Amino acid sequence: MTLPSRGLLMQLVRKELLQLLRDPRSRRLLLVAPILQLLVFGYAVNTDVRHARTFLLDADATAESRALASALSASGYFDITMRDDRPAALTRALDAGDVLIGVHIPRGFAADVARGRPTTVQLLVDGSSANTANVALGYATQIVGRYGLTRGAEIAARAGVPVRGSGVNFAVRVWYNPNLESRAYNVPAVMGNIVMLMALLLTCLAVVRERELGTLEQLMVSPLRPVELMLGKTIPSAMVAMFDVVLVTAVSLLWFRIPFEGSFALLAVASLLFVLTGLGVGLLISTISNTQQEAFMSMFMFFLPAIMLGGLLFPVDNMPQWVQALSYLDPIRHFLIVVRGIFLRGAGWTIVWPQLLWLAGIGVSVLWFATKQFHKTAE
């Protein structure tokens, strides 16, 4: 690259930066919107079950049954919002969606517990939201089971009957996310999706906007080659996108208090590769679109499936094999593995290098194809 060409490239970079940051609406979109989105989605994307509306059908009405109900309430997972002694009332509440879970304590529950006889507590769960139902059912099952073991041991001790153990003692320890908070798992993933959206927005309208305004021809007659024109469009957007990465990372650490166990340098490298991939996809969309409206529609045709295949909402391992194979072409999938590993597990270069290679390969391929397409458009 000759010196005059390098000077023209820097002028084009400066012009693109001024164009991005001069407009107050663009500044709000690029600098304020990522923070607001992370705050909203950081709280919204939460699979934890807290204060689930619960219907208590206590047919026994004894101190023993009330103690079990208190154990459910004290856990913080369940709020007993409705009570009745008629099964039909429980059925109506579940049908109307007024409660998530119903607990039916049968008549004779206290007597069975006192005599050490097996007894049954029925749990009825609204399964229309399968994930929430499974989590709530797991919590309720553990609480009822723990209550039964504790009361059984107390009654056996008072009666002087030795309690025979199972011979197996479980020592449970959760690594990387000790409190099993879904926010610690989801917020880093939301970061990745926000950064991808910003990268697409920065570039998907770049070339097509110049074409609509009639300034693309002026750029074509300049001494800059097509690859240099693409660099002039990419470098300013990459700078703004990396600034957005810093913003959302700071909000995740300082506001949501997400644990960070890894390397900031590794996060920076992975983010840069991810940003370049998003910018390449955006430039490719911009070069093949004839209008800004068409480019905007094409961007969402890419972005929405990328979210689904990336692992934010649904685990990739639960998808069919052919969908899992297709998801390897999704840069969001690889970045979410990296960012979750860095934040929660302290993953290093030796762990995430396959994902970095995928991001680099996808980014280089897309940028190369976008440059070739732009060269054809220029001709």
# chains A, B, ... in the order shown; residues from 1 in each chain; ligands from 1
$ closest_atom_pairs --of "segment 36-67 of chain A" --to "segment 177-181 of chain A" --cutoff "12 Å" --atoms "only C-alpha atoms" --output "JSON lines"
{"residue": "A:Tyr43", "atom": "CA", "partner": "A:Glu181", "partner_atom": "CA", "distance": 11.9}
{"residue": "A:Val45", "atom": "CA", "partner": "A:Glu181", "partner_atom": "CA", "distance": 11.5}
{"residue": "A:Asn46", "atom": "CA", "partner": "A:Glu181", "partner_atom": "CA", "distance": 8.6}
{"residue": "A:Thr47", "atom": "CA", "partner": "A:Glu181", "partner_atom": "CA", "distance": 8.6}
{"residue": "A:Asp48", "atom": "CA", "partner": "A:Glu181", "partner_atom": "CA", "distance": 6.9}
{"residue": "A:Val49", "atom": "CA", "partner": "A:Glu181", "partner_atom": "CA", "distance": 10.2}
{"residue": "A:Arg50", "atom": "CA", "partner": "A:Glu181", "partner_atom": "CA", "distance": 11.4}
$ residues_around --residues "Ala306 of chain A" --least-positions-apart "6" --cutoff "10 Å" --atoms "only C-alpha atoms" --output "PyMOL selection string"
chain A and resi 193+196+300+312+327+329-333
$ closest_residue --among "A:Leu326, A:Ala153, A:Leu231, A:Leu201" --to "Leu12 of chain A" --atoms "only C-alpha atoms"
A:Leu231
$ residues_around --residues "segment 102-115 of chain A" --least-positions-apart "4" --cutoff "6 Å" --atoms "only C-alpha atoms" --output "ChimeraX atom specification"
/A:54-60,64,121-124
$ closest_residue --among "A:Met239, A:Ile80, A:Val99, A:Ala184" --to "Leu17 of chain A" --atoms "only C-alpha atoms"
A:Met239
$ closest_atom_pairs --of "segment 171-215 of chain A" --to "segment 267-278 of chain A" --cutoff "9 Å" --atoms "only C-alpha atoms" --output "Markdown table"
| residue | atom | partner | partner_atom | distance |
| --- | --- | --- | --- | --- |
| A:Gly192 | CA | A:Ser271 | CA | 8.6 |
| A:Val195 | CA | A:Val275 | CA | 7.2 |
| A:Met196 | CA | A:Gly278 | CA | 5.7 |
| A:Leu197 | CA | A:Gly278 | CA | 8.0 |
| A:Met198 | CA | A:Gly278 | CA | 8.5 |
| A:Ala199 | CA | A:Gly278 | CA | 5.3 |
| A:Leu200 | CA | A:Gly278 | CA | 5.7 |
| A:Thr203 | CA | A:Gly278 | CA | 8.6 |
$ select_by_dssp --residues "segment 88-257 of chain A" --states "helix (DSSP H, G or I)" --output "PyMOL selection string"
chain A and resi 88-96+109-115+130-159+182-203+206-213+216-220+226-254
$ closest_residue --among "A:Ile258, A:Leu279, A:Leu266, A:Ile307" --to "Gly42 of chain A" --atoms "only C-alpha atoms"
A:Ile258
$ residues_around --residues "Asp95 of chain A" --least-positions-apart "4" --cutoff "12 Å" --atoms "only C-alpha atoms" --output "list in words"
Ala88, Ala89, Leu90, Thr91, Val99, Leu100, Ile101, Gly102, Leu124, Val125, Asp126, Gly127 and Ser128 of chain A
$ residues_around --residues "Val208 of chain A" --least-positions-apart "4" --cutoff "10 Å" --atoms "only C-alpha atoms" --output "PyMOL selection string"
chain A and resi 203-204+212-214+216+283+285-295
$ write_last_selection --atoms "C-alpha atoms" --output "CSV table (one decimal), in the first residue's frame"
chain,number,residue,atom,x,y,z
A,203,THR,CA,-22.1,-2.5,9.0
A,204,CYS,CA,-25.3,-3.9,7.5
A,212,GLU,CA,-28.8,5.1,-1.9
A,213,LEU,CA,-27.1,8.5,-1.2
A,214,GLY,CA,-25.2,8.4,-4.4
A,216,LEU,CA,-20.7,5.1,-3.5
A,283,LEU,CA,-20.8,-6.0,5.3
A,285,ILE,CA,-25.5,-8.3,3.8
A,286,SER,CA,-24.9,-4.7,2.9
A,287,THR,CA,-23.1,-5.5,-0.4
A,288,ILE,CA,-25.9,-7.9,-1.6
A,289,SER,CA,-28.8,-5.6,-0.6
A,290,ASN,CA,-30.2,-3.0,-2.9
A,291,THR,CA,-32.0,-0.9,-0.2
A,292,GLN,CA,-31.6,-0.2,3.5
A,293,GLN,CA,-34.9,-1.9,4.2
A,294,GLU,CA,-33.8,-5.1,2.5
A,295,ALA,CA,-30.5,-5.0,4.4
$ atom_distance --atom1 "atom CA of Lys233 of chain A" --atom2 "atom CA of Ala206 of chain A"
7.1 Å
$ residues_around --residues "Phe264 of chain A" --least-positions-apart "6" --cutoff "12 Å" --atoms "only C-alpha atoms" --output "number ranges by chain"
A: 245-246, 249-250, 270-271, 338-339, 342-343, 346-349
$ atom_distance --atom1 "atom CA of Tyr176 of chain A" --atom2 "atom CA of Met191 of chain A"
18.9 Å
$ atom_distance --atom1 "atom CA of Leu313 of chain A" --atom2 "atom CA of Val248 of chain A"
19.3 Å
$ closest_atom_pairs --of "segment 116-142 of chain A" --to "segment 68-77 of chain A" --cutoff "9 Å" --atoms "only C-alpha atoms" --output "tab-separated table"
residue	atom	partner	partner_atom	distance
A:Ala136	CA	A:Tyr77	CA	7.7
A:Tyr139	CA	A:Tyr77	CA	7.5
A:Ala140	CA	A:Leu72	CA	7.2
$ write_last_selection --atoms "N, CA and C atoms" --output "CSV table (one decimal), in the first residue's frame"
chain,number,residue,atom,x,y,z
A,136,ALA,N,-39.4,-26.3,39.5
A,136,ALA,CA,-40.3,-26.2,40.6
A,136,ALA,C,-40.6,-27.6,41.2
A,139,TYR,N,-37.5,-28.7,43.2
A,139,TYR,CA,-37.4,-28.1,44.5
A,139,TYR,C,-38.4,-28.7,45.5
A,140,ALA,N,-39.6,-28.9,45.0
A,140,ALA,CA,-40.6,-29.4,45.9
A,140,ALA,C,-40.4,-30.8,46.3
$ closest_residue --among "A:Arg28, A:Leu253, A:Glu154, A:Asn134" --to "Val187 of chain A" --atoms "only C-alpha atoms"
A:Leu253
$ decode --residues "segment 12-40 of chain A" --atoms "N, CA and C atoms" --output "PDB file, in the first residue's frame"
ATOM      1  N   LEU A  12     -10.620   8.089   5.313  1.00  0.00           N
ATOM      2  CA  LEU A  12     -11.906   7.395   5.226  1.00  0.00           C
ATOM      3  C   LEU A  12     -12.315   6.859   6.602  1.00  0.00           C
ATOM      4  N   VAL A  13     -11.351   6.325   7.361  1.00  0.00           N
ATOM      5  CA  VAL A  13     -11.651   5.848   8.716  1.00  0.00           C
ATOM      6  C   VAL A  13     -12.141   7.005   9.573  1.00  0.00           C
ATOM      7  N   ARG A  14     -11.476   8.143   9.475  1.00  0.00           N
ATOM      8  CA  ARG A  14     -11.878   9.315  10.256  1.00  0.00           C
ATOM      9  C   ARG A  14     -13.285   9.766   9.865  1.00  0.00           C
ATOM     10  N   LYS A  15     -13.557   9.760   8.578  1.00  0.00           N
ATOM     11  CA  LYS A  15     -14.886  10.172   8.091  1.00  0.00           C
ATOM     12  C   LYS A  15     -15.974   9.233   8.596  1.00  0.00           C
ATOM     13  N   GLU A  16     -15.699   7.921   8.603  1.00  0.00           N
ATOM     14  CA  GLU A  16     -16.698   6.965   9.071  1.00  0.00           C
ATOM     15  C   GLU A  16     -16.934   7.111  10.575  1.00  0.00           C
ATOM     16  N   LEU A  17     -15.858   7.342  11.331  1.00  0.00           N
ATOM     17  CA  LEU A  17     -16.019   7.544  12.769  1.00  0.00           C
ATOM     18  C   LEU A  17     -16.857   8.779  13.072  1.00  0.00           C
ATOM     19  N   LEU A  18     -16.560   9.872  12.372  1.00  0.00           N
ATOM     20  CA  LEU A  18     -17.343  11.097  12.578  1.00  0.00           C
ATOM     21  C   LEU A  18     -18.799  10.879  12.207  1.00  0.00           C
ATOM     22  N   GLN A  19     -19.030  10.132  11.136  1.00  0.00           N
ATOM     23  CA  GLN A  19     -20.401   9.879  10.698  1.00  0.00           C
ATOM     24  C   GLN A  19     -21.153   9.035  11.725  1.00  0.00           C
ATOM     25  N   LEU A  20     -20.443   8.094  12.369  1.00  0.00           N
ATOM     26  CA  LEU A  20     -21.088   7.246  13.365  1.00  0.00           C
ATOM     27  C   LEU A  20     -21.405   8.001  14.652  1.00  0.00           C
ATOM     28  N   LEU A  21     -20.494   8.879  15.072  1.00  0.00           N
ATOM     29  CA  LEU A  21     -20.600   9.497  16.391  1.00  0.00           C
ATOM     30  C   LEU A  21     -21.180  10.900  16.367  1.00  0.00           C
ATOM     31  N   ARG A  22     -21.311  11.494  15.192  1.00  0.00           N
ATOM     32  CA  ARG A  22     -21.799  12.869  15.137  1.00  0.00           C
ATOM     33  C   ARG A  22     -23.297  12.948  15.373  1.00  0.00           C
ATOM     34  N   ASP A  23     -24.032  11.956  14.896  1.00  0.00           N
ATOM     35  CA  ASP A  23     -25.485  11.962  15.022  1.00  0.00           C
ATOM     36  C   ASP A  23     -25.882  11.560  16.443  1.00  0.00           C
ATOM     37  N   PRO A  24     -26.651  12.396  17.157  1.00  0.00           N
ATOM     38  CA  PRO A  24     -27.060  12.029  18.536  1.00  0.00           C
ATOM     39  C   PRO A  24     -27.837  10.725  18.591  1.00  0.00           C
ATOM     40  N   ARG A  25     -28.655  10.446  17.584  1.00  0.00           N
ATOM     41  CA  ARG A  25     -29.417   9.197  17.588  1.00  0.00           C
ATOM     42  C   ARG A  25     -28.498   7.990  17.455  1.00  0.00           C
ATOM     43  N   SER A  26     -27.466   8.145  16.623  1.00  0.00           N
ATOM     44  CA  SER A  26     -26.511   7.039  16.483  1.00  0.00           C
ATOM     45  C   SER A  26     -25.740   6.825  17.772  1.00  0.00           C
ATOM     46  N   ARG A  27     -25.376   7.897  18.450  1.00  0.00           N
ATOM     47  CA  ARG A  27     -24.660   7.750  19.721  1.00  0.00           C
ATOM     48  C   ARG A  27     -25.510   7.012  20.742  1.00  0.00           C
ATOM     49  N   ARG A  28     -26.798   7.349  20.808  1.00  0.00           N
ATOM     50  CA  ARG A  28     -27.673   6.654  21.753  1.00  0.00           C
ATOM     51  C   ARG A  28     -27.815   5.191  21.384  1.00  0.00           C
ATOM     52  N   LEU A  29     -27.913   4.922  20.089  1.00  0.00           N
ATOM     53  CA  LEU A  29     -28.090   3.546  19.636  1.00  0.00           C
ATOM     54  C   LEU A  29     -26.853   2.700  19.926  1.00  0.00           C
ATOM     55  N   LEU A  30     -25.677   3.266  19.717  1.00  0.00           N
ATOM     56  CA  LEU A  30     -24.449   2.492  19.807  1.00  0.00           C
ATOM     57  C   LEU A  30     -23.854   2.455  21.205  1.00  0.00           C
ATOM     58  N   LEU A  31     -24.124   3.471  22.035  1.00  0.00           N
ATOM     59  CA  LEU A  31     -23.471   3.561  23.329  1.00  0.00           C
ATOM     60  C   LEU A  31     -24.423   3.360  24.501  1.00  0.00           C
ATOM     61  N   VAL A  32     -25.671   3.759  24.351  1.00  0.00           N
ATOM     62  CA  VAL A  32     -26.629   3.642  25.451  1.00  0.00           C
ATOM     63  C   VAL A  32     -27.467   2.369  25.325  1.00  0.00           C
ATOM     64  N   ALA A  33     -27.881   2.054  24.097  1.00  0.00           N
ATOM     65  CA  ALA A  33     -28.745   0.887  23.880  1.00  0.00           C
ATOM     66  C   ALA A  33     -28.135  -0.422  24.391  1.00  0.00           C
ATOM     67  N   PRO A  34     -26.822  -0.696  24.195  1.00  0.00           N
ATOM     68  CA  PRO A  34     -26.283  -1.957  24.725  1.00  0.00           C
ATOM     69  C   PRO A  34     -26.426  -2.089  26.234  1.00  0.00           C
ATOM     70  N   ILE A  35     -26.230  -0.984  26.966  1.00  0.00           N
ATOM     71  CA  ILE A  35     -26.359  -1.048  28.422  1.00  0.00           C
ATOM     72  C   ILE A  35     -27.804  -1.311  28.814  1.00  0.00           C
ATOM     73  N   LEU A  36     -28.741  -0.613  28.179  1.00  0.00           N
ATOM     74  CA  LEU A  36     -30.152  -0.816  28.504  1.00  0.00           C
ATOM     75  C   LEU A  36     -30.587  -2.233  28.169  1.00  0.00           C
ATOM     76  N   GLN A  37     -30.134  -2.754  27.032  1.00  0.00           N
ATOM     77  CA  GLN A  37     -30.504  -4.115  26.655  1.00  0.00           C
ATOM     78  C   GLN A  37     -29.944  -5.127  27.651  1.00  0.00           C
ATOM     79  N   LEU A  38     -28.702  -4.928  28.077  1.00  0.00           N
ATOM     80  CA  LEU A  38     -28.120  -5.871  29.026  1.00  0.00           C
ATOM     81  C   LEU A  38     -28.845  -5.821  30.361  1.00  0.00           C
ATOM     82  N   LEU A  39     -29.233  -4.633  30.803  1.00  0.00           N
ATOM     83  CA  LEU A  39     -29.969  -4.526  32.060  1.00  0.00           C
ATOM     84  C   LEU A  39     -31.321  -5.229  31.973  1.00  0.00           C
ATOM     85  N   VAL A  40     -32.028  -5.002  30.855  1.00  0.00           N
ATOM     86  CA  VAL A  40     -33.357  -5.609  30.696  1.00  0.00           C
ATOM     87  C   VAL A  40     -33.246  -7.119  30.564  1.00  0.00           C
TER      88      VAL A  40
END
